[in-house]
>>> print(open('coords.txt').read())   # compact mmCIF, C-alpha atoms
# COMPACT_ATOMS: atom_id res chain seq x y z
CA MET Y 1 0.00 0.00 0.00
CA GLU Y 2 3.08 2.25 -0.40
CA SER Y 3 2.59 2.78 -4.15
CA GLN Y 4 2.36 6.25 -5.67
CA PRO Y 5 -0.76 7.46 -7.52
CA ASP Y 6 0.75 6.81 -10.96
CA GLU Y 7 1.57 3.24 -9.93
CA LEU Y 8 -2.04 2.29 -9.41
CA ALA Y 9 -3.11 -0.48 -11.73
CA PRO Y 10 -4.19 1.20 -15.01
CA GLU Y 11 -6.64 -1.59 -15.73
CA SER Y 12 -8.51 -0.81 -12.53
CA ALA Y 13 -11.78 0.73 -13.67
CA PRO Y 14 -13.49 3.38 -11.56
CA LEU Y 15 -16.33 2.09 -9.45
CA THR Y 16 -19.76 3.51 -10.04
CA SER Y 17 -21.45 5.62 -7.42
CA THR Y 18 -23.68 2.66 -6.51
CA GLU Y 19 -20.68 0.38 -6.02
CA LEU Y 20 -18.93 2.92 -3.84
CA LYS Y 21 -22.03 3.27 -1.71
CA LYS Y 22 -22.09 -0.49 -1.19
CA LEU Y 23 -18.45 -0.34 -0.16
CA LYS Y 24 -19.26 2.45 2.30
CA ALA Y 25 -22.16 0.45 3.75
CA HIS Y 26 -19.80 -2.49 4.41
CA VAL Y 27 -17.40 -0.24 6.32
CA ASP Y 28 -20.28 1.30 8.30
CA ARG Y 29 -21.48 -2.17 9.33
CA MET Y 30 -18.01 -2.97 10.65
CA VAL Y 31 -17.99 0.28 12.61
CA ALA Y 32 -21.36 -0.58 14.14
CA ARG Y 33 -20.12 -4.01 15.24
CA LEU Y 34 -16.98 -2.55 16.76
CA GLN Y 35 -18.94 0.14 18.61
CA GLY Y 36 -21.20 -2.54 20.04
CA GLY Y 37 -18.19 -4.40 21.41
CA GLY Y 38 -19.04 -7.47 19.39
CA PRO Y 39 -16.80 -9.65 17.25
CA VAL Y 40 -16.25 -9.02 13.57
CA PRO Y 41 -16.30 -12.21 11.45
CA ALA Y 42 -12.95 -13.34 10.08
CA LYS Y 43 -14.45 -13.10 6.59
CA SER Y 44 -15.01 -9.39 7.11
CA VAL Y 45 -11.40 -8.95 8.22
CA ARG Y 46 -10.18 -10.62 5.02
CA LEU Y 47 -12.54 -8.56 2.90
CA LEU Y 48 -11.43 -5.29 4.43
CA ASP Y 49 -7.96 -5.43 2.88
CA GLY Y 50 -9.51 -5.85 -0.56
CA LEU Y 51 -11.98 -3.10 0.26
CA VAL Y 52 -9.15 -0.72 1.16
CA LEU Y 53 -7.41 -1.49 -2.10
CA GLU Y 54 -10.61 -0.83 -4.04
CA VAL Y 55 -10.95 2.60 -2.47
CA MET Y 56 -7.34 3.44 -3.23
CA LYS Y 57 -7.67 2.23 -6.84
CA GLN Y 58 -10.47 4.63 -7.65
CA ARG Y 59 -9.26 6.88 -10.44
CA ILE Y 60 -11.12 10.14 -10.58
CA LEU Y 61 -12.35 10.96 -14.07
CA ASN Y 62 -9.87 13.08 -16.12
CA ALA Y 63 -7.16 12.66 -13.41
CA SER Y 64 -7.89 16.04 -11.91
CA GLU Y 65 -5.78 17.54 -9.15
CA ARG Y 66 -8.68 16.95 -6.82
CA GLY Y 67 -8.55 13.26 -7.70
CA ALA Y 68 -4.83 13.04 -6.91
CA GLU Y 69 -5.44 14.81 -3.62
CA LEU Y 70 -8.13 12.31 -2.69
CA LEU Y 71 -5.84 9.41 -3.49
CA ASP Y 72 -3.14 10.91 -1.27
CA ARG Y 73 -5.69 11.24 1.51
CA ALA Y 74 -6.71 7.63 0.98
CA ARG Y 75 -3.12 6.44 1.28
CA ALA Y 76 -2.44 8.46 4.42
CA THR Y 77 -5.61 7.16 6.05
CA LEU Y 78 -5.47 3.54 5.02
CA GLU Y 79 -1.89 2.45 4.48
CA SER Y 80 -1.52 1.21 8.07
CA LEU Y 81 -4.62 -0.98 7.89
CA SER Y 82 -3.51 -4.56 7.27
CA PRO Y 83 -5.47 -7.76 7.99
CA ALA Y 84 -2.91 -8.76 10.62
CA GLU Y 85 -3.24 -5.45 12.45
CA ILE Y 86 -7.02 -5.52 12.29
CA ALA Y 87 -7.15 -9.12 13.55
CA GLU Y 88 -4.94 -8.14 16.49
CA ILE Y 89 -7.17 -5.20 17.37
CA LEU Y 90 -10.27 -7.37 17.20
CA ARG Y 91 -8.70 -9.94 19.53
CA THR Y 92 -7.77 -7.46 22.21
CA GLU Y 93 -10.04 -6.22 24.99
CA THR Y 94 -8.39 -2.80 24.93
CA GLY Y 95 -11.03 -0.30 23.96
CA GLY Y 96 -8.49 2.30 22.86
CA LYS Y 97 -7.32 0.18 19.94
CA ARG Y 98 -10.89 -0.51 18.92
CA ASN Y 99 -11.64 3.20 19.00
CA ALA Y 100 -8.59 3.91 16.84
CA LEU Y 101 -9.80 1.38 14.28
CA ILE Y 102 -13.30 2.86 14.37
CA LYS Y 103 -11.88 6.31 13.58
CA LYS Y 104 -9.91 4.93 10.63
CA LEU Y 105 -12.91 3.07 9.30
CA ARG Y 106 -15.02 6.21 9.58
CA ALA Y 107 -12.37 8.03 7.55
CA VAL Y 108 -12.67 5.31 4.90
CA SER Y 109 -16.44 5.76 4.90
CA GLU Y 110 -16.15 9.53 4.49
CA LEU Y 111 -13.64 9.11 1.69
CA ALA Y 112 -15.94 6.71 -0.14
CA SER Y 113 -18.71 9.32 0.10
CA THR Y 114 -16.41 11.98 -1.35
CA LEU Y 115 -15.33 9.70 -4.18
CA CYS Y 116 -18.99 9.12 -5.03
CA GLU Y 117 -19.24 12.73 -6.15
CA ALA Y 118 -16.71 12.16 -8.93
CA ALA Y 119 -17.44 8.50 -9.66
CA LEU Y 120 -19.17 7.17 -12.72
CA PRO Y 121 -22.86 8.11 -12.40
CA SER Y 122 -25.44 5.47 -11.64
CA ALA Y 123 -29.11 5.64 -12.51
CA PHE Y 124 -31.33 7.11 -9.81
CA ASN Y 125 -34.26 4.92 -8.90
CA PRO Y 126 -36.91 6.96 -7.05
CA LEU Y 127 -38.73 3.76 -6.10
CA ASP Y 128 -35.70 2.10 -4.51
CA TYR Y 129 -36.63 1.17 -0.94
CA LYS Y 130 -33.61 3.02 0.46
CA VAL Y 131 -34.64 6.19 -1.35
CA ILE Y 132 -38.15 5.90 0.02
CA GLY Y 133 -36.84 5.24 3.53
CA ARG Y 134 -34.50 8.23 3.35
CA SER Y 135 -37.33 10.52 2.19
CA ILE Y 136 -39.41 9.45 5.19
CA ALA Y 137 -36.53 10.03 7.59
CA SER Y 138 -35.84 13.46 6.08
CA ALA Y 139 -39.48 14.47 6.42
CA LEU Y 140 -39.44 13.51 10.11
CA ASP Y 141 -36.20 15.43 10.71
CA VAL Y 142 -37.70 18.71 9.46
CA SER Y 143 -41.09 18.33 11.14
CA ASP Y 144 -42.06 20.44 14.16
CA PRO Y 145 -40.95 19.24 17.62
CA TYR Y 146 -43.48 19.07 20.48
CA ILE Y 147 -43.24 18.87 24.26
CA MET Y 148 -44.08 15.50 25.79
CA PRO Y 149 -46.70 14.21 26.28
CA PRO Y 150 -49.16 14.70 23.40
CA ILE Y 151 -52.05 16.85 24.56
CA ILE Y 152 -54.49 16.18 21.75
CA LYS Y 153 -55.08 12.67 20.49
CA PHE Y 154 -54.46 12.38 16.77
CA PRO Y 155 -54.97 9.47 14.35
CA GLY Y 156 -52.39 7.78 12.19
CA VAL Y 157 -49.54 5.30 11.98
CA GLY Y 158 -45.92 6.09 11.18
CA VAL Y 159 -42.56 6.89 12.79
CA TYR Y 160 -41.57 9.11 15.68
CA ALA Y 161 -38.49 10.26 17.62
CA LEU Y 162 -37.87 11.29 21.23
CA TYR Y 163 -35.26 13.91 22.14
CA TYR Y 164 -33.75 14.71 25.56
CA ILE Y 165 -32.88 18.26 26.69
CA GLY Y 166 -32.77 17.86 30.50
CA GLY Y 167 -30.13 17.92 33.20
CA PHE Y 168 -29.55 14.23 33.97
CA PRO Y 169 -25.71 14.27 34.20
CA PRO Y 170 -24.96 11.16 32.10
CA TYR Y 171 -27.08 12.56 29.25
CA ARG Y 172 -25.43 15.98 29.25
CA PRO Y 173 -23.46 15.33 26.00
CA LEU Y 174 -26.73 14.48 24.27
CA ALA Y 175 -28.75 17.34 25.76
CA GLU Y 176 -26.12 19.84 24.60
CA LYS Y 177 -26.71 18.76 21.00
CA ASN Y 178 -30.47 19.28 21.31
CA ILE Y 179 -30.48 22.89 22.47
CA PRO Y 180 -31.94 25.08 21.14
CA GLU Y 181 -33.33 22.71 18.46
CA PRO Y 182 -33.78 18.94 18.93
CA LYS Y 183 -31.42 17.23 16.50
CA VAL Y 184 -30.19 13.91 17.92
CA PRO Y 185 -32.88 11.47 19.10
CA ILE Y 186 -32.50 9.35 22.18
CA TYR Y 187 -35.12 6.92 20.88
CA ILE Y 188 -36.71 6.06 17.53
CA GLY Y 189 -39.97 4.14 17.23
CA LYS Y 190 -42.66 3.15 14.83
CA ALA Y 191 -46.39 2.63 15.21
CA VAL Y 192 -47.87 0.12 12.81
CA PRO Y 193 -51.52 -0.53 11.99
CA GLU Y 194 -53.43 -2.62 14.48
CA GLY Y 195 -53.59 -6.16 13.18
CA SER Y 196 -50.68 -5.62 10.77
CA ARG Y 197 -49.29 -9.05 11.52
CA ILE Y 198 -52.35 -10.68 10.04
CA GLY Y 199 -52.75 -8.27 7.17
CA GLY Y 200 -55.25 -5.86 8.70
CA VAL Y 201 -54.99 -2.10 8.30
CA ALA Y 202 -56.54 0.45 10.62
CA THR Y 203 -54.90 3.75 9.74
CA ALA Y 204 -57.56 5.78 11.51
CA LYS Y 205 -56.48 4.46 14.90
CA SER Y 206 -54.29 6.76 16.99
CA ALA Y 207 -51.31 4.39 16.90
CA ILE Y 208 -48.49 6.98 17.10
CA CYS Y 209 -50.22 8.99 19.79
CA ASP Y 210 -50.96 5.88 21.87
CA ARG Y 211 -47.32 4.82 21.63
CA LEU Y 212 -46.12 8.25 22.74
CA LEU Y 213 -48.53 8.26 25.69
CA LEU Y 214 -47.24 4.87 26.81
CA HIS Y 215 -43.67 6.14 26.55
CA ALA Y 216 -44.69 9.18 28.59
CA LYS Y 217 -45.97 6.83 31.29
CA SER Y 218 -42.63 4.96 31.40
CA ILE Y 219 -40.69 8.22 31.68
CA SER Y 220 -43.00 9.57 34.38
CA GLU Y 221 -42.60 6.41 36.47
CA ALA Y 222 -38.81 6.90 36.34
CA GLY Y 223 -39.19 10.25 38.08
CA LEU Y 224 -36.05 9.88 40.21
CA THR Y 225 -33.85 10.45 37.15
CA LEU Y 226 -36.08 11.78 34.36
CA ARG Y 227 -38.64 14.56 33.93
CA LEU Y 228 -41.27 14.30 31.24
CA GLU Y 229 -41.03 18.01 30.44
CA ASP Y 230 -37.39 17.47 29.42
CA PHE Y 231 -38.45 15.45 26.37
CA ARG Y 232 -39.48 16.57 22.92
CA TYR Y 233 -40.94 14.45 20.17
CA ARG Y 234 -41.44 14.51 16.43
CA PHE Y 235 -43.80 12.31 14.51
CA LEU Y 236 -44.65 11.61 10.90
CA ILE Y 237 -47.80 9.90 9.68
CA VAL Y 238 -46.81 7.46 6.94
CA GLU Y 239 -48.63 5.09 4.63
CA PRO Y 240 -48.53 1.74 6.48
CA ALA Y 241 -46.50 -0.14 3.84
CA PHE Y 242 -43.63 2.35 4.15
CA VAL Y 243 -43.41 2.68 7.94
CA PRO Y 244 -40.68 0.00 8.40
CA LEU Y 245 -38.49 1.61 5.70
CA GLY Y 246 -38.46 4.95 7.49
CA GLU Y 247 -37.69 3.35 10.84
CA VAL Y 248 -34.77 1.34 9.41
CA VAL Y 249 -33.12 4.44 7.93
CA LEU Y 250 -33.59 6.48 11.12
CA LEU Y 251 -32.15 3.74 13.32
CA LYS Y 252 -29.12 3.25 11.12
CA GLU Y 253 -28.51 6.98 10.74
CA TYR Y 254 -28.80 8.01 14.38
CA ARG Y 255 -28.25 4.78 16.36
CA PRO Y 256 -30.18 6.30 19.31
CA LEU Y 257 -28.94 5.42 22.78
CA TRP Y 258 -32.18 3.81 23.94
CA ASN Y 259 -32.44 1.69 20.80
CA THR Y 260 -28.87 0.57 20.27
CA TRP Y 261 -27.22 0.32 23.66
CA LEU Y 262 -29.27 1.17 26.74
CA TYR Y 263 -31.86 -1.51 26.01
CA GLY Y 264 -35.23 -1.93 27.66
CA PHE Y 265 -37.14 1.33 27.24
CA GLY Y 266 -39.54 0.09 24.58
CA SER Y 267 -39.34 -3.66 25.16
CA ASN Y 268 -42.23 -5.84 26.26
CA PRO Y 269 -42.73 -6.38 30.00
CA ALA Y 270 -41.23 -9.57 31.38
CA GLY Y 271 -43.65 -12.46 31.59
CA GLY Y 272 -45.08 -13.98 34.74
CA GLY Y 273 -43.03 -16.21 36.97
CA ARG Y 274 -39.81 -14.31 36.22
CA ASP Y 275 -39.30 -12.68 39.62
CA LYS Y 276 -35.53 -13.29 39.44
CA THR Y 277 -35.14 -11.67 36.03
CA GLN Y 278 -32.56 -8.90 35.79
CA LYS Y 279 -33.72 -5.41 35.04
CA SER Y 280 -32.99 -4.04 31.61
CA LEU Y 281 -30.11 -1.58 31.40
CA TRP Y 282 -32.69 1.17 30.97
CA ASP Y 283 -34.55 0.20 34.15
CA THR Y 284 -31.25 -0.10 36.03
CA LEU Y 285 -30.32 3.47 35.13
CA HIS Y 286 -33.90 4.76 35.47
CA PRO Y 287 -35.59 2.91 38.37
CA GLY Y 288 -39.26 3.32 39.16
CA ARG Y 289 -41.26 1.47 36.52
CA ALA Y 290 -43.75 -0.86 38.18
CA ARG Y 291 -43.09 -3.61 35.68
CA ALA Y 292 -39.41 -3.84 36.78
CA ALA Y 293 -40.17 -3.93 40.51
CA GLY Y 294 -38.40 -6.78 42.28
CA PHE Y 295 -35.94 -7.40 39.45
CA LYS Y 296 -32.19 -7.27 40.05
CA ASP Y 297 -30.07 -4.45 38.66
CA ALA Y 298 -28.18 -5.51 35.54
CA TRP Y 299 -25.15 -3.36 36.42
CA ASN Y 300 -23.78 -1.15 39.16
CA THR Y 301 -25.88 2.00 38.78
CA GLU Y 302 -23.16 4.57 39.48
CA GLU Y 303 -20.74 2.84 37.15
CA LEU Y 304 -23.45 2.59 34.51
CA LYS Y 305 -23.96 6.36 34.70
CA ARG Y 306 -20.26 6.95 34.09
CA GLN Y 307 -20.17 4.50 31.20
CA VAL Y 308 -23.24 6.04 29.53
CA GLU Y 309 -21.67 9.50 29.62
CA ARG Y 310 -18.45 8.10 28.17
CA TYR Y 311 -20.42 6.36 25.44
CA LEU Y 312 -22.22 9.58 24.50
CA ARG Y 313 -18.87 11.38 24.34
CA ASP Y 314 -17.45 8.68 22.03
CA GLU Y 315 -14.94 7.66 24.68
CA GLU Y 316 -13.78 4.18 25.66
CA VAL Y 317 -16.47 2.12 27.41
CA ASP Y 318 -16.12 -1.02 29.53
CA GLN Y 319 -16.15 -3.89 27.02
CA ARG Y 320 -18.03 -6.14 29.47
CA LEU Y 321 -20.88 -3.64 29.54
CA LEU Y 322 -20.92 -3.42 25.76
CA ARG Y 323 -21.21 -7.19 25.56
CA LEU Y 324 -24.03 -7.17 28.11
CA ALA Y 325 -25.86 -4.53 26.06
CA GLN Y 326 -25.34 -6.57 22.92
CA GLU Y 327 -26.67 -9.75 24.56
CA ALA Y 328 -29.67 -7.83 25.89
CA GLY Y 329 -30.29 -6.43 22.45
CA ALA Y 330 -30.42 -9.91 20.96
CA THR Y 331 -33.55 -10.64 23.00
CA ASP Y 332 -34.87 -7.08 23.09
CA MET Y 333 -34.55 -5.68 19.57
CA SER Y 334 -32.05 -5.29 16.76
CA VAL Y 335 -31.21 -2.15 14.87
CA GLY Y 336 -33.06 -2.19 11.60
CA GLU Y 337 -35.64 -4.71 12.82
CA PRO Y 338 -39.24 -3.99 13.83
CA ASP Y 339 -39.52 -2.11 17.11
CA SER Y 340 -40.16 -4.46 20.01
CA ASP Y 341 -42.68 -2.12 21.60
CA GLU Y 342 -45.05 -3.09 18.83
CA ALA Y 343 -47.12 -5.36 21.05
CA SER Y 344 -47.04 -3.44 24.31
CA ILE Y 345 -44.87 -1.07 26.29
>>> encode(input="coords.txt", output="structure tokens")
Amino acid sequence: MESQPDELAPESAPLTSTELKKLKAHVDRMVARLQGGGPVPAKSVRLLDGLVLEVMKQRILNASERGAELLDRARATLESLSPAEIAEILRTETGGKRNALIKKLRAVSELASTLCEAALPSAFNPLDYKVIGRSIASALDVSDPYIMPPIIKFPGVGVYALYYIGGFPPYRPLAEKNIPEPKVPIYIGKAVPEGSRIGGVATAKSAICDRLLLHAKSISEAGLTLRLEDFRYRFLIVEPAFVPLGEVVLLKEYRPLWNTWLYGFGSNPAGGGRDKTQKSLWDTLHPGRARAAGFKDAWNTEELKRQVERYLRDEEVDQRLLRLAQEAGATDMSVGEPDSDEASI
């Protein structure tokens, strides 16, 4: 990976914008796995070296100075990434090395996005499911924010987002981003038509509003750490068939804390006969919900507070806690999958 720009294989054809976007998506998936503290398959490690080479081989049309500059940036960012180094980082429990790799992979992702601007054009498909999902997410992002809880009941199904602006110390890094205007959600949810699992559609039902009211109840019960007036929400009424697409894009774009790491806010209550069940991480940090009464804390509360703040500041987090969150997520919900609060909250 020490070669100069003019030594790049001349037979290497530029990737199309679509191909570069696929490459970027692969890198982003690796970043997500690393952030979650989970393992990255050996196959992905082997593929990454080829992926790096593909990025570096991209020849900008007409060999402009800008193209040469981008290739130099690529080399400076990527030349130290070898399969052996990556495998060593993935084996270690040292969060610092993982964070260093995450930063490099993010740089690769950003570079791929930049290269897309000068890559061979690909046909735009307005009906592509990703395009539809992105349009839904964009419409939600620019909609008006409201103070929790909803005052007037309104009909409709769709997607919604909760934002935090309060003074709970561990959430300070997040609250700072949401003042004066809510920008980074702490939770993303969807409300689907009643009976959707058996093909029924009831768009007139107040599905989004009902979901928000149930969330308001959960937050109110956790009054020792949270205040309902410190939350804002946005919602978007969507045609039922497109609701999951919007949710998937929003989850992947924002990776909200309560969806992707601090599990348990929107999950179903534990079933009967489970009096020895551990609390979710959310209920451990925010005690008070009746449904979690009698359960054991999943983690030391004070330490959990410190780790949450570190996580929100993109600092190193205890790998054991990341694994616990990942294991909880496997039975709670997965990013990009239907919201687990669909049945009840």
>>> closest_residue(input="coords.txt", among="Y:Pro185, Y:Gly156, Y:Gly246, Y:Pro149", to="Tyr129 of chain Y", atoms="only C-alpha atoms")
Y:Gly246
>>> closest_residue(input="coords.txt", among="Y:Leu105, Y:Ala32, Y:Ile147, Y:Ala241", to="Thr260 of chain Y", atoms="only C-alpha atoms")
Y:Ala32
>>> atom_distance(input="coords.txt", atom1="atom CA of Glu229 of chain Y", atom2="atom CA of Pro256 of chain Y")
19.5 Å
>>> atom_distance(input="coords.txt", atom1="atom CA of Ala298 of chain Y", atom2="atom CA of Lys279 of chain Y")
5.6 Å
>>> residues_around(input="coords.txt", residues="segment 159-175 of chain Y", least_positions_apart="6", cutoff="8 Å", atoms="all atoms listed in the file", output="ChimeraX atom specification")
/Y:140,182-191,208,225-227,230-238,243,246-247,305-306,308-309,312-313
>>> closest_residue(input="coords.txt", among="Y:Ile219, Y:Val27, Y:Leu250, Y:Ile102", to="His286 of chain Y", atoms="all atoms listed in the file")
Y:Ile219
>>> atom_distance(input="coords.txt", atom1="atom CA of Ser143 of chain Y", atom2="atom CA of Gly158 of chain Y")
13.2 Å
>>> closest_residue(input="coords.txt", among="Y:Cys209, Y:Leu34, Y:Ala137, Y:Ala222", to="Lys252 of chain Y", atoms="only C-alpha atoms")
Y:Ala137
>>> closest_residue(input="coords.txt", among="Y:Ile152, Y:Ala325, Y:Glu303, Y:Lys205", to="Ser280 of chain Y", atoms="all atoms listed in the file")
Y:Ala325
>>> residues_around(input="coords.txt", residues="Asp28 of chain Y", least_positions_apart="5", cutoff="9 Å", atoms="all atoms listed in the file", output="list in words")
Leu23, Arg33, Leu105, Arg106 and Ser109 of chain Y
>>> decode(input="coords.txt", residues="segment 123-133 of chain Y", atoms="all heavy atoms", output="PDB file, in the first residue's frame")
ATOM      1  N   ALA Y 123     -27.721   5.209 -12.302  1.00  0.00           N
ATOM      2  CA  ALA Y 123     -29.106   5.639 -12.506  1.00  0.00           C
ATOM      3  C   ALA Y 123     -29.828   5.789 -11.171  1.00  0.00           C
ATOM      4  O   ALA Y 123     -29.705   4.938 -10.286  1.00  0.00           O
ATOM      5  CB  ALA Y 123     -29.842   4.629 -13.380  1.00  0.00           C
ATOM      6  N   PHE Y 124     -30.550   6.875 -11.021  1.00  0.00           N
ATOM      7  CA  PHE Y 124     -31.332   7.114  -9.811  1.00  0.00           C
ATOM      8  C   PHE Y 124     -32.679   6.415  -9.940  1.00  0.00           C
ATOM      9  O   PHE Y 124     -33.388   6.574 -10.932  1.00  0.00           O
ATOM     10  CB  PHE Y 124     -31.542   8.614  -9.613  1.00  0.00           C
ATOM     11  CG  PHE Y 124     -32.472   8.947  -8.474  1.00  0.00           C
ATOM     12  CD1 PHE Y 124     -32.089   8.744  -7.160  1.00  0.00           C
ATOM     13  CD2 PHE Y 124     -33.742   9.459  -8.718  1.00  0.00           C
ATOM     14  CE1 PHE Y 124     -32.941   9.046  -6.114  1.00  0.00           C
ATOM     15  CE2 PHE Y 124     -34.597   9.768  -7.683  1.00  0.00           C
ATOM     16  CZ  PHE Y 124     -34.189   9.559  -6.380  1.00  0.00           C
ATOM     17  N   ASN Y 125     -32.989   5.629  -8.924  1.00  0.00           N
ATOM     18  CA  ASN Y 125     -34.261   4.915  -8.903  1.00  0.00           C
ATOM     19  C   ASN Y 125     -35.120   5.485  -7.781  1.00  0.00           C
ATOM     20  O   ASN Y 125     -34.903   5.164  -6.610  1.00  0.00           O
ATOM     21  CB  ASN Y 125     -34.048   3.421  -8.695  1.00  0.00           C
ATOM     22  CG  ASN Y 125     -35.362   2.644  -8.639  1.00  0.00           C
ATOM     23  OD1 ASN Y 125     -36.432   3.203  -8.879  1.00  0.00           O
ATOM     24  ND2 ASN Y 125     -35.285   1.367  -8.321  1.00  0.00           N
ATOM     25  N   PRO Y 126     -36.100   6.331  -8.102  1.00  0.00           N
ATOM     26  CA  PRO Y 126     -36.907   6.961  -7.048  1.00  0.00           C
ATOM     27  C   PRO Y 126     -37.757   5.972  -6.264  1.00  0.00           C
ATOM     28  O   PRO Y 126     -38.259   6.304  -5.191  1.00  0.00           O
ATOM     29  CB  PRO Y 126     -37.786   7.948  -7.833  1.00  0.00           C
ATOM     30  CG  PRO Y 126     -37.861   7.376  -9.205  1.00  0.00           C
ATOM     31  CD  PRO Y 126     -36.530   6.738  -9.450  1.00  0.00           C
ATOM     32  N   LEU Y 127     -37.915   4.754  -6.783  1.00  0.00           N
ATOM     33  CA  LEU Y 127     -38.727   3.759  -6.098  1.00  0.00           C
ATOM     34  C   LEU Y 127     -37.883   2.770  -5.304  1.00  0.00           C
ATOM     35  O   LEU Y 127     -38.420   1.842  -4.711  1.00  0.00           O
ATOM     36  CB  LEU Y 127     -39.588   2.997  -7.120  1.00  0.00           C
ATOM     37  CG  LEU Y 127     -40.589   3.863  -7.903  1.00  0.00           C
ATOM     38  CD1 LEU Y 127     -41.389   2.996  -8.855  1.00  0.00           C
ATOM     39  CD2 LEU Y 127     -41.517   4.610  -6.957  1.00  0.00           C
ATOM     40  N   ASP Y 128     -36.562   2.962  -5.311  1.00  0.00           N
ATOM     41  CA  ASP Y 128     -35.698   2.105  -4.506  1.00  0.00           C
ATOM     42  C   ASP Y 128     -36.097   2.237  -3.035  1.00  0.00           C
ATOM     43  O   ASP Y 128     -36.366   3.339  -2.552  1.00  0.00           O
ATOM     44  CB  ASP Y 128     -34.239   2.516  -4.694  1.00  0.00           C
ATOM     45  CG  ASP Y 128     -33.286   1.601  -3.938  1.00  0.00           C
ATOM     46  OD1 ASP Y 128     -33.072   1.852  -2.734  1.00  0.00           O
ATOM     47  OD2 ASP Y 128     -32.772   0.647  -4.538  1.00  0.00           O
ATOM     48  N   TYR Y 129     -36.127   1.120  -2.325  1.00  0.00           N
ATOM     49  CA  TYR Y 129     -36.633   1.168  -0.941  1.00  0.00           C
ATOM     50  C   TYR Y 129     -35.776   2.055  -0.049  1.00  0.00           C
ATOM     51  O   TYR Y 129     -36.264   2.691   0.893  1.00  0.00           O
ATOM     52  CB  TYR Y 129     -36.751  -0.248  -0.362  1.00  0.00           C
ATOM     53  CG  TYR Y 129     -35.455  -0.864   0.092  1.00  0.00           C
ATOM     54  CD1 TYR Y 129     -35.039  -0.769   1.411  1.00  0.00           C
ATOM     55  CD2 TYR Y 129     -34.644  -1.569  -0.789  1.00  0.00           C
ATOM     56  CE1 TYR Y 129     -33.868  -1.333   1.843  1.00  0.00           C
ATOM     57  CE2 TYR Y 129     -33.461  -2.145  -0.371  1.00  0.00           C
ATOM     58  CZ  TYR Y 129     -33.074  -2.024   0.942  1.00  0.00           C
ATOM     59  OH  TYR Y 129     -31.896  -2.590   1.360  1.00  0.00           O
ATOM     60  N   LYS Y 130     -34.469   2.153  -0.337  1.00  0.00           N
ATOM     61  CA  LYS Y 130     -33.607   3.019   0.463  1.00  0.00           C
ATOM     62  C   LYS Y 130     -33.936   4.482   0.211  1.00  0.00           C
ATOM     63  O   LYS Y 130     -33.888   5.305   1.138  1.00  0.00           O
ATOM     64  CB  LYS Y 130     -32.141   2.739   0.141  1.00  0.00           C
ATOM     65  CG  LYS Y 130     -31.654   1.384   0.612  1.00  0.00           C
ATOM     66  CD  LYS Y 130     -30.195   1.188   0.276  1.00  0.00           C
ATOM     67  CE  LYS Y 130     -29.715  -0.190   0.732  1.00  0.00           C
ATOM     68  NZ  LYS Y 130     -28.299  -0.432   0.361  1.00  0.00           N
ATOM     69  N   VAL Y 131     -34.261   4.815  -1.017  1.00  0.00           N
ATOM     70  CA  VAL Y 131     -34.642   6.190  -1.348  1.00  0.00           C
ATOM     71  C   VAL Y 131     -35.938   6.561  -0.638  1.00  0.00           C
ATOM     72  O   VAL Y 131     -36.060   7.647  -0.064  1.00  0.00           O
ATOM     73  CB  VAL Y 131     -34.807   6.354  -2.874  1.00  0.00           C
ATOM     74  CG1 VAL Y 131     -35.334   7.750  -3.212  1.00  0.00           C
ATOM     75  CG2 VAL Y 131     -33.480   6.106  -3.586  1.00  0.00           C
ATOM     76  N   ILE Y 132     -36.881   5.653  -0.660  1.00  0.00           N
ATOM     77  CA  ILE Y 132     -38.153   5.904   0.022  1.00  0.00           C
ATOM     78  C   ILE Y 132     -37.927   6.059   1.521  1.00  0.00           C
ATOM     79  O   ILE Y 132     -38.458   6.984   2.161  1.00  0.00           O
ATOM     80  CB  ILE Y 132     -39.151   4.761  -0.257  1.00  0.00           C
ATOM     81  CG1 ILE Y 132     -39.476   4.704  -1.757  1.00  0.00           C
ATOM     82  CG2 ILE Y 132     -40.425   4.954   0.560  1.00  0.00           C
ATOM     83  CD1 ILE Y 132     -40.307   3.505  -2.149  1.00  0.00           C
ATOM     84  N   GLY Y 133     -37.127   5.169   2.089  1.00  0.00           N
ATOM     85  CA  GLY Y 133     -36.844   5.245   3.528  1.00  0.00           C
ATOM     86  C   GLY Y 133     -36.169   6.541   3.906  1.00  0.00           C
ATOM     87  O   GLY Y 133     -36.492   7.166   4.918  1.00  0.00           O
TER      88      GLY Y 133
END
